[in-house]
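Novice: I'm passing along protein.cif; it holds mmCIF, C-alpha atoms.
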data_entry
loop_
_atom_site.label_atom_id
_atom_site.label_comp_id
_atom_site.auth_asym_id
_atom_site.auth_seq_id
_atom_site.Cartn_x
_atom_site.Cartn_y
_atom_site.Cartn_z
CA MET A 1 -0.64 21.05 -42.66
CA THR A 2 0.03 17.50 -43.72
CA ALA A 3 -1.11 14.59 -41.61
CA PRO A 4 1.45 14.17 -38.84
CA PHE A 5 1.25 10.40 -38.95
CA ALA A 6 -0.21 7.60 -41.03
CA VAL A 7 -2.58 5.11 -39.52
CA VAL A 8 -1.02 1.65 -39.40
CA THR A 9 -3.22 -1.37 -38.93
CA PRO A 10 -1.31 -4.07 -37.08
CA GLY A 11 -1.05 -7.22 -39.15
CA SER A 12 -2.22 -5.46 -42.32
CA ALA A 13 0.65 -6.90 -44.38
CA LEU A 14 -0.09 -10.47 -43.36
CA PRO A 15 -2.21 -12.59 -45.70
CA GLY A 16 -5.53 -13.54 -44.16
CA ALA A 17 -4.74 -11.53 -41.07
CA THR A 18 -6.42 -12.70 -37.90
CA ALA A 19 -6.18 -11.65 -34.33
CA PRO A 20 -2.71 -12.26 -32.90
CA ALA A 21 -2.37 -15.45 -30.91
CA THR A 22 0.09 -15.94 -28.09
CA PRO A 23 2.54 -18.64 -29.19
CA LYS A 24 2.56 -21.70 -26.96
CA ASN A 25 5.09 -24.43 -26.20
CA LEU A 26 8.03 -22.37 -27.36
CA PRO A 27 11.41 -24.09 -27.14
CA HIS A 28 14.08 -22.30 -25.13
CA THR A 29 16.49 -22.18 -28.03
CA GLY A 30 16.32 -23.16 -31.66
CA GLY A 31 12.79 -22.04 -32.40
CA GLU A 32 11.69 -20.74 -35.74
CA PRO A 33 13.62 -17.55 -36.51
CA ASN A 34 12.04 -14.32 -37.63
CA PRO A 35 12.03 -14.33 -41.48
CA SER A 36 13.74 -10.95 -41.39
CA ALA A 37 16.90 -12.64 -40.13
CA GLU A 38 17.19 -14.65 -43.32
CA ALA A 39 16.40 -11.58 -45.39
CA LEU A 40 19.18 -9.72 -43.60
CA ARG A 41 21.63 -12.51 -44.37
CA ALA A 42 20.66 -12.46 -48.03
CA ARG A 43 20.92 -8.70 -48.27
CA PHE A 44 23.90 -7.90 -46.07
CA GLY A 45 25.81 -11.18 -46.07
CA GLY A 46 28.86 -10.91 -43.89
CA ALA A 47 27.51 -8.03 -41.86
CA VAL A 48 25.27 -10.52 -40.04
CA GLU A 49 27.44 -12.31 -37.53
CA ARG A 50 25.05 -14.60 -35.73
CA VAL A 51 21.34 -15.31 -35.36
CA ASP A 52 19.96 -16.56 -32.04
CA VAL A 53 16.41 -17.62 -31.27
CA VAL A 54 15.54 -17.65 -27.57
CA TRP A 55 11.95 -18.29 -26.46
CA GLY A 56 10.78 -17.52 -29.97
CA GLU A 57 12.50 -14.12 -30.08
CA THR A 58 15.14 -13.58 -32.72
CA THR A 59 18.38 -11.79 -31.99
CA VAL A 60 20.60 -10.78 -34.89
CA TYR A 61 24.20 -9.85 -34.14
CA VAL A 62 25.48 -7.43 -36.75
CA GLN A 63 28.70 -5.58 -37.43
CA GLY A 64 28.92 -2.23 -35.69
CA ASN A 65 29.83 -0.19 -38.74
CA ARG A 66 26.82 -1.41 -40.76
CA VAL A 67 24.09 -0.91 -38.19
CA LEU A 68 22.65 2.35 -39.51
CA GLU A 69 22.47 0.92 -43.02
CA ILE A 70 20.76 -2.24 -41.75
CA VAL A 71 18.26 -0.36 -39.61
CA ARG A 72 17.45 1.98 -42.46
CA TRP A 73 16.78 -0.96 -44.75
CA LEU A 74 14.61 -2.69 -42.15
CA HIS A 75 12.64 0.50 -41.75
CA ASP A 76 12.26 1.38 -45.44
CA ASP A 77 12.00 -1.93 -47.23
CA PRO A 78 8.39 -2.83 -48.05
CA THR A 79 9.03 -6.47 -47.20
CA GLN A 80 10.17 -5.56 -43.69
CA GLN A 81 8.44 -2.34 -42.55
CA TYR A 82 9.97 -2.14 -39.07
CA ASP A 83 8.14 1.05 -38.29
CA TYR A 84 8.52 1.13 -34.53
CA LEU A 85 11.66 1.35 -32.44
CA SER A 86 10.83 0.00 -28.99
CA ASP A 87 14.10 0.51 -27.23
CA VAL A 88 17.76 1.28 -27.53
CA THR A 89 19.83 0.07 -24.64
CA ALA A 90 23.04 -1.71 -23.80
CA VAL A 91 24.13 -4.82 -21.94
CA GLU A 92 27.33 -5.41 -20.08
CA GLN A 93 28.14 -9.01 -19.27
CA ARG A 94 29.28 -10.09 -15.84
CA ASP A 95 32.42 -11.43 -17.48
CA LEU A 96 34.26 -8.15 -17.81
CA ASP A 97 36.32 -9.38 -20.78
CA GLN A 98 33.20 -9.83 -22.86
CA PRO A 99 32.40 -6.98 -25.19
CA LEU A 100 29.63 -4.57 -24.38
CA GLU A 101 26.44 -5.06 -26.40
CA VAL A 102 24.23 -2.31 -27.76
CA VAL A 103 20.69 -3.51 -28.37
CA TRP A 104 17.95 -2.21 -30.66
CA HIS A 105 14.44 -3.57 -30.28
CA LEU A 106 12.54 -3.19 -33.53
CA ARG A 107 8.91 -3.97 -34.16
CA SER A 108 7.07 -4.24 -37.43
CA LEU A 109 3.40 -3.50 -36.91
CA PRO A 110 2.19 -4.55 -40.40
CA PHE A 111 3.99 -7.89 -40.18
CA ARG A 112 3.61 -8.38 -36.43
CA ARG A 113 7.32 -9.11 -36.13
CA PHE A 114 9.78 -8.41 -33.39
CA LEU A 115 13.50 -8.26 -34.06
CA ARG A 116 16.37 -7.64 -31.70
CA LEU A 117 19.54 -6.25 -33.21
CA LYS A 118 22.78 -6.43 -31.27
CA VAL A 119 26.19 -4.95 -31.84
CA ARG A 120 29.16 -6.10 -29.80
CA ILE A 121 31.63 -3.35 -28.97
CA PRO A 122 34.98 -4.51 -27.58
CA LYS A 123 36.07 -2.77 -24.41
CA GLY A 124 39.30 -0.90 -24.08
CA GLY A 125 38.64 1.57 -26.85
CA ARG A 126 36.14 4.31 -27.39
CA LEU A 127 32.64 2.85 -27.20
CA GLU A 128 31.14 4.17 -30.39
CA VAL A 129 28.38 3.14 -32.73
CA ASP A 130 26.13 4.87 -35.24
CA SER A 131 23.00 6.55 -34.00
CA VAL A 132 19.73 5.45 -35.62
CA TRP A 133 18.25 8.89 -35.01
CA PRO A 134 18.24 9.68 -38.79
CA VAL A 135 15.78 6.78 -39.22
CA TYR A 136 13.80 6.85 -35.98
CA LYS A 137 13.42 10.28 -34.41
CA GLY A 138 12.17 8.54 -31.30
CA ALA A 139 15.66 7.20 -30.73
CA ASP A 140 16.70 10.59 -29.38
CA TRP A 141 16.01 10.08 -25.68
CA LEU A 142 16.60 6.32 -25.79
CA GLU A 143 20.12 6.89 -27.06
CA ARG A 144 20.73 9.65 -24.57
CA GLU A 145 19.84 7.14 -21.87
CA ALA A 146 22.26 4.58 -23.31
CA TYR A 147 24.91 7.27 -23.32
CA ASP A 148 24.07 8.38 -19.80
CA MET A 149 24.01 4.93 -18.24
CA PHE A 150 26.66 3.08 -20.26
CA GLY A 151 28.82 5.77 -21.85
CA ILE A 152 28.16 4.67 -25.40
CA ASN A 153 28.88 7.43 -27.89
CA LEU A 154 26.25 7.40 -30.61
CA ARG A 155 27.69 8.96 -33.74
CA GLY A 156 25.32 11.34 -35.46
CA HIS A 157 23.02 11.91 -32.49
CA PRO A 158 21.97 15.58 -32.57
CA ASP A 159 22.06 16.26 -28.85
CA LEU A 160 24.03 13.62 -27.02
CA ARG A 161 24.15 14.48 -23.33
CA ARG A 162 22.95 13.01 -20.07
CA ILE A 163 19.24 12.56 -19.60
CA LEU A 164 18.61 10.83 -16.26
CA MET A 165 21.59 12.05 -14.28
CA TRP A 166 22.23 15.76 -14.13
CA GLU A 167 24.63 17.28 -16.60
CA SER A 168 27.40 17.96 -14.13
CA PHE A 169 27.35 14.37 -12.84
CA LYS A 170 31.02 13.44 -12.70
CA GLU A 171 31.03 9.91 -11.33
CA GLY A 172 30.86 8.03 -14.59
CA TYR A 173 28.29 5.70 -16.07
CA PRO A 174 26.08 4.15 -13.39
CA LEU A 175 24.97 0.93 -15.08
CA ARG A 176 28.47 -0.24 -15.89
CA LYS A 177 29.62 -3.22 -13.87
CA ASP A 178 32.60 -1.40 -12.43
CA PHE A 179 30.40 1.36 -11.02
CA PRO A 180 29.97 1.01 -7.24
CA LEU A 181 26.36 0.89 -6.06
CA ARG A 182 26.72 3.95 -3.85
CA GLY A 183 28.70 5.91 -6.39
CA ARG A 184 32.32 6.93 -6.33
CA PHE A 185 32.12 10.01 -4.12
CA SER A 186 31.18 10.34 -0.48
CA ARG A 187 27.60 11.20 0.39
CA SER A 188 28.45 14.75 1.33
CA GLU A 189 30.37 15.32 -1.88
CA GLN A 190 27.49 13.84 -3.89
CA LEU A 191 25.03 16.12 -2.14
CA ARG A 192 27.28 19.15 -2.59
CA GLN A 193 27.63 18.51 -6.29
CA ALA A 194 23.92 17.80 -6.68
CA LEU A 195 23.00 21.06 -4.96
CA ASP A 196 25.34 22.89 -7.33
CA GLN A 197 23.07 22.02 -10.25
CA ASP A 198 21.21 24.81 -11.93
CA PRO A 199 17.49 24.36 -11.30
CA GLU A 200 16.91 26.81 -14.13
CA ALA A 201 18.32 24.38 -16.67
CA ARG A 202 15.36 23.75 -18.87
CA TYR A 203 14.66 22.86 -22.45
CA SER A 204 16.91 24.83 -24.73
CA MET A 205 15.83 26.35 -28.00
CA GLU A 206 18.00 23.81 -29.74
CA GLU A 207 16.16 21.04 -27.98
CA LEU A 208 12.82 22.43 -29.03
CA SER A 209 13.97 22.78 -32.63
CA VAL A 210 15.33 19.24 -32.62
CA ALA A 211 12.00 17.94 -31.44
CA ASP A 212 10.38 19.94 -34.23
CA ALA A 213 8.21 21.50 -31.60
CA PHE A 214 9.41 25.04 -32.06
CA ALA A 215 7.40 25.62 -35.23
CA ASP A 216 4.26 24.31 -33.54
CA LEU A 217 4.48 26.72 -30.60
CA PRO A 218 2.09 29.64 -30.38
CA PRO A 219 3.52 32.74 -32.09
CA ASP A 220 3.89 34.76 -28.91
CA MET A 221 5.89 32.01 -27.27
CA ARG A 222 8.09 31.72 -30.35
CA GLU A 223 8.80 35.43 -30.14
CA ARG A 224 9.63 35.29 -26.47
CA LEU A 225 11.93 32.31 -26.97
CA ALA A 226 13.66 33.96 -29.91
CA THR A 227 14.59 36.89 -27.68
CA GLY A 228 16.40 34.49 -25.39
CA GLU A 229 13.80 34.18 -22.67
CA LYS A 230 13.89 30.93 -20.77
CA THR A 231 11.02 28.51 -21.07
CA GLY A 232 8.89 27.33 -18.24
CA GLU A 233 9.01 30.43 -16.07
CA MET B 1 -18.54 36.48 32.15
CA GLY B 2 -15.08 36.28 33.42
CA LEU B 3 -11.55 35.31 32.71
CA SER B 4 -11.19 32.24 30.56
CA ARG B 5 -8.00 30.35 30.00
CA HIS B 6 -7.70 27.52 27.53
CA PRO B 7 -7.53 24.20 29.43
CA SER B 8 -4.73 22.84 27.27
CA LEU B 9 -2.41 25.54 28.57
CA ALA B 10 -2.87 24.48 32.18
CA ASP B 11 -0.08 22.29 33.46
CA THR B 12 -2.09 19.40 34.83
CA GLN B 13 0.98 17.49 36.01
CA THR B 14 2.25 20.00 38.52
CA LEU B 15 -0.87 21.94 39.37
CA PRO B 16 -3.74 19.47 39.44
CA ALA B 17 -5.90 21.51 41.78
CA ARG B 18 -5.58 24.66 39.75
CA ALA B 19 -6.17 22.79 36.53
CA THR B 20 -9.32 21.27 37.89
CA ALA B 21 -10.50 24.70 38.90
CA GLU B 22 -9.83 26.09 35.46
CA ARG B 23 -11.69 23.31 33.74
CA GLN B 24 -14.95 24.58 35.18
CA VAL B 25 -17.43 25.68 32.58
CA VAL B 26 -17.79 29.42 32.35
CA SER B 27 -21.36 30.31 31.62
CA TYR B 28 -21.86 33.01 29.06
CA ASP B 29 -25.03 34.53 27.85
CA PRO B 30 -24.61 35.47 24.16
CA LYS B 31 -27.28 38.11 24.44
CA SER B 32 -25.48 39.97 27.13
CA GLN B 33 -23.08 42.73 26.13
CA GLU B 34 -20.80 42.05 29.03
CA GLY B 35 -18.98 38.87 27.96
CA TRP B 36 -15.29 39.08 27.28
CA VAL B 37 -12.50 36.64 26.79
CA THR B 38 -8.81 37.16 27.06
CA THR B 39 -5.94 34.95 26.02
CA ARG B 40 -2.31 35.04 25.02
CA LEU B 41 -1.72 36.48 21.56
CA ASP B 42 0.58 33.68 20.45
CA PHE B 43 -1.96 31.13 21.66
CA LEU B 44 -4.49 32.69 19.37
CA VAL B 45 -2.04 32.97 16.46
CA ASN B 46 -0.84 29.41 16.91
CA TRP B 47 -4.40 28.17 17.13
CA GLY B 48 -5.11 29.82 13.80
CA ARG B 49 -1.92 28.55 12.21
CA ALA B 50 -2.30 25.00 13.42
CA ASN B 51 -5.81 24.68 12.13
CA SER B 52 -5.23 26.16 8.72
CA LEU B 53 -2.01 24.56 7.56
CA TRP B 54 -1.89 24.63 3.79
CA PRO B 55 0.17 21.72 2.56
CA MET B 56 2.54 21.87 -0.37
CA PRO B 57 2.51 18.28 -1.63
CA PHE B 58 5.90 17.24 -2.95
CA GLY B 59 4.95 13.74 -4.03
CA THR B 60 7.59 11.78 -5.87
CA ALA B 61 6.67 8.14 -5.30
CA CYS B 62 4.21 5.69 -3.79
CA CYS B 63 3.92 7.71 -0.57
CA ALA B 64 2.13 10.31 -2.67
CA ILE B 65 -0.58 7.74 -3.37
CA GLU B 66 -1.13 7.32 0.36
CA PHE B 67 -1.07 11.08 0.68
CA MET B 68 -3.82 11.35 -1.91
CA ALA B 69 -5.78 8.72 -0.01
CA THR B 70 -5.33 10.82 3.12
CA ALA B 71 -6.64 13.87 1.33
CA ALA B 72 -9.62 12.03 -0.15
CA SER B 73 -12.99 11.66 1.43
CA HIS B 74 -12.43 8.58 3.58
CA TYR B 75 -9.61 9.99 5.71
CA ASP B 76 -10.45 13.59 4.86
CA LEU B 77 -7.47 15.78 5.58
CA ALA B 78 -9.86 18.74 5.45
CA ARG B 79 -10.94 17.89 9.01
CA PHE B 80 -7.64 19.34 10.20
CA GLY B 81 -7.81 22.57 8.24
CA MET B 82 -5.74 21.24 5.35
CA GLU B 83 -8.57 21.63 2.93
CA ARG B 84 -6.53 23.47 0.38
CA MET B 85 -3.56 21.82 -1.31
CA SER B 86 -1.19 24.56 -2.31
CA PHE B 87 0.56 23.73 -5.53
CA SER B 88 2.49 26.96 -5.35
CA PRO B 89 5.12 27.10 -2.60
CA ARG B 90 4.49 30.81 -2.10
CA GLN B 91 1.05 30.12 -0.64
CA ALA B 92 1.98 27.07 1.42
CA ASP B 93 2.66 26.49 5.09
CA VAL B 94 3.82 22.90 5.31
CA LEU B 95 5.92 20.99 2.82
CA ILE B 96 4.96 17.33 2.78
CA CYS B 97 7.71 15.43 1.04
CA ALA B 98 6.16 12.10 0.10
CA GLY B 99 8.60 9.79 -1.60
CA ARG B 100 12.23 9.41 -2.49
CA VAL B 101 14.19 12.43 -3.62
CA PRO B 102 16.92 11.74 -6.16
CA PHE B 103 19.97 13.97 -6.21
CA LYS B 104 18.66 15.57 -9.36
CA LEU B 105 15.69 16.88 -7.36
CA ALA B 106 17.82 18.09 -4.46
CA PRO B 107 18.19 21.69 -5.70
CA ILE B 108 14.50 21.72 -6.64
CA ILE B 109 13.22 20.79 -3.20
CA ARG B 110 15.64 23.25 -1.62
CA ARG B 111 14.36 26.00 -3.88
CA ILE B 112 10.75 25.13 -3.10
CA TRP B 113 11.56 25.31 0.60
CA GLN B 114 13.23 28.68 0.12
CA GLN B 115 10.22 29.95 -1.81
CA MET B 116 7.82 29.12 1.01
CA PRO B 117 7.10 32.10 3.29
CA GLN B 118 7.64 31.97 7.02
CA PRO B 119 6.25 30.45 9.13
CA LYS B 120 6.79 27.11 7.42
CA TRP B 121 7.08 23.51 8.46
CA CYS B 122 8.11 20.29 6.81
CA ILE B 123 6.85 16.75 7.12
CA SER B 124 9.08 14.00 5.80
CA MET B 125 6.69 11.23 4.85
CA GLY B 126 7.93 7.67 4.57
CA ALA B 127 11.22 5.86 4.85
CA CYS B 128 12.73 7.18 1.64
CA ALA B 129 12.22 10.86 2.37
CA SER B 130 13.41 10.37 5.94
CA SER B 131 16.49 8.26 5.33
CA GLY B 132 16.74 7.17 1.71
CA GLY B 133 15.02 3.94 2.69
CA MET B 134 15.94 0.97 0.60
CA PHE B 135 17.50 3.19 -2.04
CA ASP B 136 20.99 3.22 -0.61
CA ASN B 137 22.56 3.99 -3.97
CA TYR B 138 24.29 6.60 -6.06
CA ALA B 139 21.15 8.44 -7.14
CA VAL B 140 19.01 9.02 -4.04
CA VAL B 141 19.35 11.60 -1.28
CA GLN B 142 19.79 9.82 2.05
CA GLY B 143 17.13 11.76 3.89
CA ILE B 144 15.80 15.18 2.97
CA ASP B 145 17.04 16.49 6.31
CA THR B 146 20.42 16.74 4.62
CA ILE B 147 18.89 19.52 2.49
CA ILE B 148 16.09 21.19 4.45
CA PRO B 149 14.99 21.17 8.10
CA VAL B 150 12.31 18.62 8.95
CA ASP B 151 9.77 18.94 11.74
CA VAL B 152 8.02 15.59 11.69
CA TYR B 153 9.20 12.27 10.30
CA VAL B 154 6.46 9.80 9.46
CA PRO B 155 7.86 6.26 9.29
CA GLY B 156 6.45 3.58 7.05
CA CYS B 157 6.89 2.25 3.57
CA PRO B 158 4.58 3.84 2.71
CA PRO B 159 2.86 5.08 5.90
CA ARG B 160 -0.82 4.40 6.16
CA PRO B 161 -3.09 7.46 6.05
CA GLU B 162 -3.57 7.09 9.81
CA GLY B 163 0.18 7.41 10.18
CA LEU B 164 0.29 10.60 8.18
CA LEU B 165 -2.67 11.99 10.14
CA TYR B 166 -0.84 11.20 13.36
CA GLY B 167 2.20 13.04 12.05
CA ILE B 168 0.04 16.00 11.11
CA ARG B 169 -1.50 16.06 14.57
CA MET B 170 2.02 16.01 16.03
CA LEU B 171 2.93 18.95 13.84
CA GLN B 172 -0.20 20.76 14.99
CA GLU B 173 0.86 20.19 18.59
CA LYS B 174 4.26 21.61 17.75
CA VAL B 175 2.72 24.64 16.11
CA LYS B 176 0.41 25.23 19.08
CA ASN B 177 3.32 25.20 21.50
CA GLU B 178 5.52 27.65 19.67
CA ARG B 179 6.29 30.92 21.41
CA GLY B 180 6.44 34.06 19.36
CA ALA B 181 9.24 35.37 21.55
CA ASP B 182 11.46 32.40 20.76
CA LYS B 183 13.47 33.73 17.86
CA ARG B 184 15.31 30.46 17.29
CA VAL B 185 12.17 28.79 16.04
CA ARG B 186 11.84 30.86 12.90
CA ASP B 187 15.42 31.91 12.24
CA GLU B 188 17.16 29.80 9.66
CA MET B 189 20.63 29.07 10.86
CA GLU B 190 23.42 28.39 8.47
CA PRO B 191 26.27 26.29 9.84
CA ASP B 192 29.07 28.60 10.91
CA PRO B 193 32.39 27.29 9.58
CA ASN B 194 34.30 29.44 12.10
CA SER B 195 32.61 27.85 15.09
CA LYS B 196 34.68 25.46 17.17
CA LEU B 197 31.82 22.99 17.02
CA TYR B 198 31.71 22.97 13.24
CA ILE B 199 32.67 19.70 11.59
CA PRO B 200 33.08 19.90 7.83
CA PRO B 201 31.06 17.32 5.90
CA ASP B 202 34.07 15.42 4.61
CA MET B 203 35.34 15.14 8.18
CA ILE B 204 32.00 13.63 9.15
CA ASP B 205 32.49 11.11 6.39
CA GLU B 206 35.94 10.28 7.66
CA LEU B 207 34.83 10.00 11.29
CA SER B 208 31.92 7.77 10.47
CA GLU B 209 34.11 5.34 8.58
CA PRO B 210 33.84 2.38 8.85
CA PHE B 211 30.65 2.36 10.88
CA GLY B 212 28.57 4.86 9.03
CA ASN B 213 25.44 6.52 10.24
CA SER B 214 22.05 7.20 8.82
CA VAL B 215 23.26 10.11 6.74
CA HIS B 216 26.86 9.42 5.92
CA GLN B 217 27.19 5.78 5.08
CA THR B 218 30.29 3.81 4.48
CA ARG B 219 31.60 3.34 0.98
CA SER B 220 30.68 0.05 -0.57
CA ALA B 221 33.44 0.22 -3.13
CA PRO B 222 37.17 0.84 -3.19
#
As structure tokens - that is how I would like this structure written.
Specialist:
Amino acid sequence: MTAPFAVVTPGSALPGATAPATPKNLPHTGGEPNPSAEALRARFGGAVERVDVVWGETTVYVQGNRVLEIVRWLHDDPTQQYDYLSDVTAVEQRDLDQPLEVVWHLRSLPFRRFLRLKVRIPKGGRLEVDSVWPVYKGADWLEREAYDMFGINLRGHPDLRRILMWESFKEGYPLRKDFPLRGRFSRSEQLRQALDQDPEARYSMEELSVADAFADLPPDMRERLATGEKTGE
Amino acid sequence: MGLSRHPSLADTQTLPARATAERQVVSYDPKSQEGWVTTRLDFLVNWGRANSLWPMPFGTACCAIEFMATAASHYDLARFGMERMSFSPRQADVLICAGRVPFKLAPIIRRIWQQMPQPKWCISMGACASSGGMFDNYAVVQGIDTIIPVDVYVPGCPPRPEGLLYGIRMLQEKVKNERGADKRVRDEMEPDPNSKLYIPPDMIDELSEPFGNSVHQTRSAP
């Protein structure tokens, strides 16, 4: 069995690495951008729409159809080494005409860098963007949450379905601005629908295979699962 | 030797003289073979039940922290016969729901309640379990009494351990005063849709508009 992970020393790619220091006296805007932003401009040119620096954190707005390519390069390139995906989420502005933003928070442990990628998706059409699951397997649940809460369809995600709300939740996407706080249905209807859920719904075999956990299960459990037995009982 | 009746059963309000008489100490020599005691069967059963309630902790939020504090040595839930936490509903007597219950958990808590054997009781601990509390939103059940019957509501956000202990003592009082002959206590009644008194849930919603009540609240959106 090969080593499941490689040990990464934070800051190992920095020359004369010292302990990280908290930056002080950061300007609100216009601070020094993350060097990766310039590298992205040089490599992808027009795909980079805008670079913002707010409180020392760099946000790069990129074109929606290039995002998987860009993330893959940031992950694989030895001069970038963004080896950790912190979060995938979305932002809807209070101005409802503004496009919806999908946000990726990337962190490079060897370089001690933090980069925020954003894609603006205009409303009115299908909200769709590439999944980064082929690069970061940890994006699985994060993207399911973005789908569950904002209704963003992540192309190429292996198992895109609700994660926080139950699967038969019919009221829409709760974190969208047009979603009423108490939901769309009456309390009794909400309770009726909630009680109609199947408490037996558990991890499917597909889910276990996707997580690559199936092969690591004990042999007897693998046999029982292969015969169609439900897990967790 | 003689007839002994438990003092708590005497109605001191209406029969003070008799109660005073019954509070007299009955002397009993343990070495003698002649001592005997008689009591009501359901008093004895209830006494046993009330002092050995096994709780099924259903802790979902910060109330569960207070519940753990109640069970720990300082407040010591074991003093009231709740020594054993039952993490299986099949061996539990009282469901203590500590914390908010989202709609996704609604069928789970109902199933746990159905899995508990009779006799069973339920304590709703804290504002969220009792009424949804501050979580008046799309995701949280507005009081677990919309799913399962509740015997004791403990207010607070979260309640202090003293509050929970008070609620448990109240439940013990309730258990001690149950009558075995009273079938209504243990029978689970489903609402009868053919009854003239039956109001369907959507009608309750309509009637409570626009005022709302603790369970069916008014819509906040068009």
Novice: Starting from chain A, keep only residues with some atom at most 10 Å from an atom of chain B, counting only C-alpha atoms, and report them as a PyMOL selection string.
Specialist: chain A and resi 164-167+169+171+174+178-200
Novice: Could you take the residues named above and write them with C-alpha atoms, as a short mmCIF file (atom, residue, chain, number, x, y, z; two decimals), in the coordinates of the input?
Specialist:
data_model
loop_
_atom_site.label_atom_id
_atom_site.label_comp_id
_atom_site.auth_asym_id
_atom_site.auth_seq_id
_atom_site.Cartn_x
_atom_site.Cartn_y
_atom_site.Cartn_z
CA LEU A 164 18.61 10.83 -16.26
CA MET A 165 21.59 12.05 -14.28
CA TRP A 166 22.23 15.76 -14.13
CA GLU A 167 24.63 17.28 -16.60
CA PHE A 169 27.35 14.37 -12.84
CA GLU A 171 31.03 9.91 -11.33
CA PRO A 174 26.08 4.15 -13.39
CA ASP A 178 32.60 -1.40 -12.43
CA PHE A 179 30.40 1.36 -11.02
CA PRO A 180 29.97 1.01 -7.24
CA LEU A 181 26.36 0.89 -6.06
CA ARG A 182 26.72 3.95 -3.85
CA GLY A 183 28.70 5.91 -6.39
CA ARG A 184 32.32 6.93 -6.33
CA PHE A 185 32.12 10.01 -4.12
CA SER A 186 31.18 10.34 -0.48
CA ARG A 187 27.60 11.20 0.39
CA SER A 188 28.45 14.75 1.33
CA GLU A 189 30.37 15.32 -1.88
CA GLN A 190 27.49 13.84 -3.89
CA LEU A 191 25.03 16.12 -2.14
CA ARG A 192 27.28 19.15 -2.59
CA GLN A 193 27.63 18.51 -6.29
CA ALA A 194 23.92 17.80 -6.68
CA LEU A 195 23.00 21.06 -4.96
CA ASP A 196 25.34 22.89 -7.33
CA GLN A 197 23.07 22.02 -10.25
CA ASP A 198 21.21 24.81 -11.93
CA PRO A 199 17.49 24.36 -11.30
CA GLU A 200 16.91 26.81 -14.13
#
Novice: What gap, in Å, lies between atom CA of A:Gln81 and atom CA of A:His28?
Specialist: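 Computing it gives 27.1 Å between the two atoms.
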Novice: Work out how far atom CA of A:Tyr82 is from atom CA of A:Leu40, in Å to one decimal.
Specialist: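 Pair atom CA of A:Leu40 / atom CA of A:Tyr82 returns 12.8 Å.
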Novice: Expand the PyMOL selection byres ((chain B and resi 128-131) around 8) into the explicit residue set it covers here, and present it as a PyMOL selection string.
Specialist: chain B and resi 97-101+124-127+132-135+141-145+153-155+157+214-215
Novice: May I have the residues within 9 Å of A:Leu142 as a list of chain:residue names, using all atoms listed in the file and disregarding those fewer than 4 positions away in the same chain?
Specialist: A:Asp87, A:Val88, A:Thr89, A:Gly138, A:Ala146, A:Tyr147
Novice: What is the distance, in Å and to one decimal place, between atom CA of A:Thr22 and atom CA of A:Gly56?
Specialist: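 A separation of 11.0 Å between them.
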Novice: Of the candidates B:Val25, B:Leu197, B:Leu41, B:Val94, which one gets nearest to B:Pro55 if we count only C-alpha atoms?
Specialist: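 The closest residue to B:Pro55 is B:Val94.
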Novice: I'd like to see the residues matched by the PyMOL selection byres ((chain A and resi 37) around 12) on this file, and ideally I'd get them as a PyMOL selection string.
Specialist: chain A and resi 32-36+38-45+47-53+57-62+70+74+80+113-117
Novice: Report as a list in words all protein, DNA and RNA residues lying within 9 Å of A:Val132, evaluated on only C-alpha atoms, omitting residues in the same chain fewer than 3 positions from it.
Specialist: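 Skipping anything fewer than 3 positions along the chain leaves Val67, Leu68, Val71, Arg72, Val135, Tyr136, Lys137, Ala139, Asp140, Glu143, Leu154, Arg155, Gly156 and His157 of chain A.
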Novice: If the PyMOL selection byres ((chain B and resi 91-93) around 8) were run on this exact file, what residues would it hold? Put them as a list in words.
Specialist: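 On the file shown, the PyMOL selection byres ((chain B and resi 91-93) around 8) covers Leu53, Trp54, Pro55, Met56, Ser86, Phe87, Ser88, Pro89, Arg90, Val94, Leu95, Met116, Pro117, Gln118, Pro119, Lys120 and Trp121 of chain B.
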Novice: With all atoms listed in the file as the counted atoms, please give the residues lying no more than 8 Å from B:Asp42, apart from itself and same-chain residues fewer than 5 positions off, as a ChimeraX atom specification.
Specialist: /B:178-180
Novice: What lies within 7 Å of A:Leu127 using all atoms listed in the file, ignoring chain neighbours under 6 positions off, as a list of chain:residue names?
Specialist: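 Once the adjacent positions are removed, what remains is A:Ile121, A:Ile152, A:Asn153.
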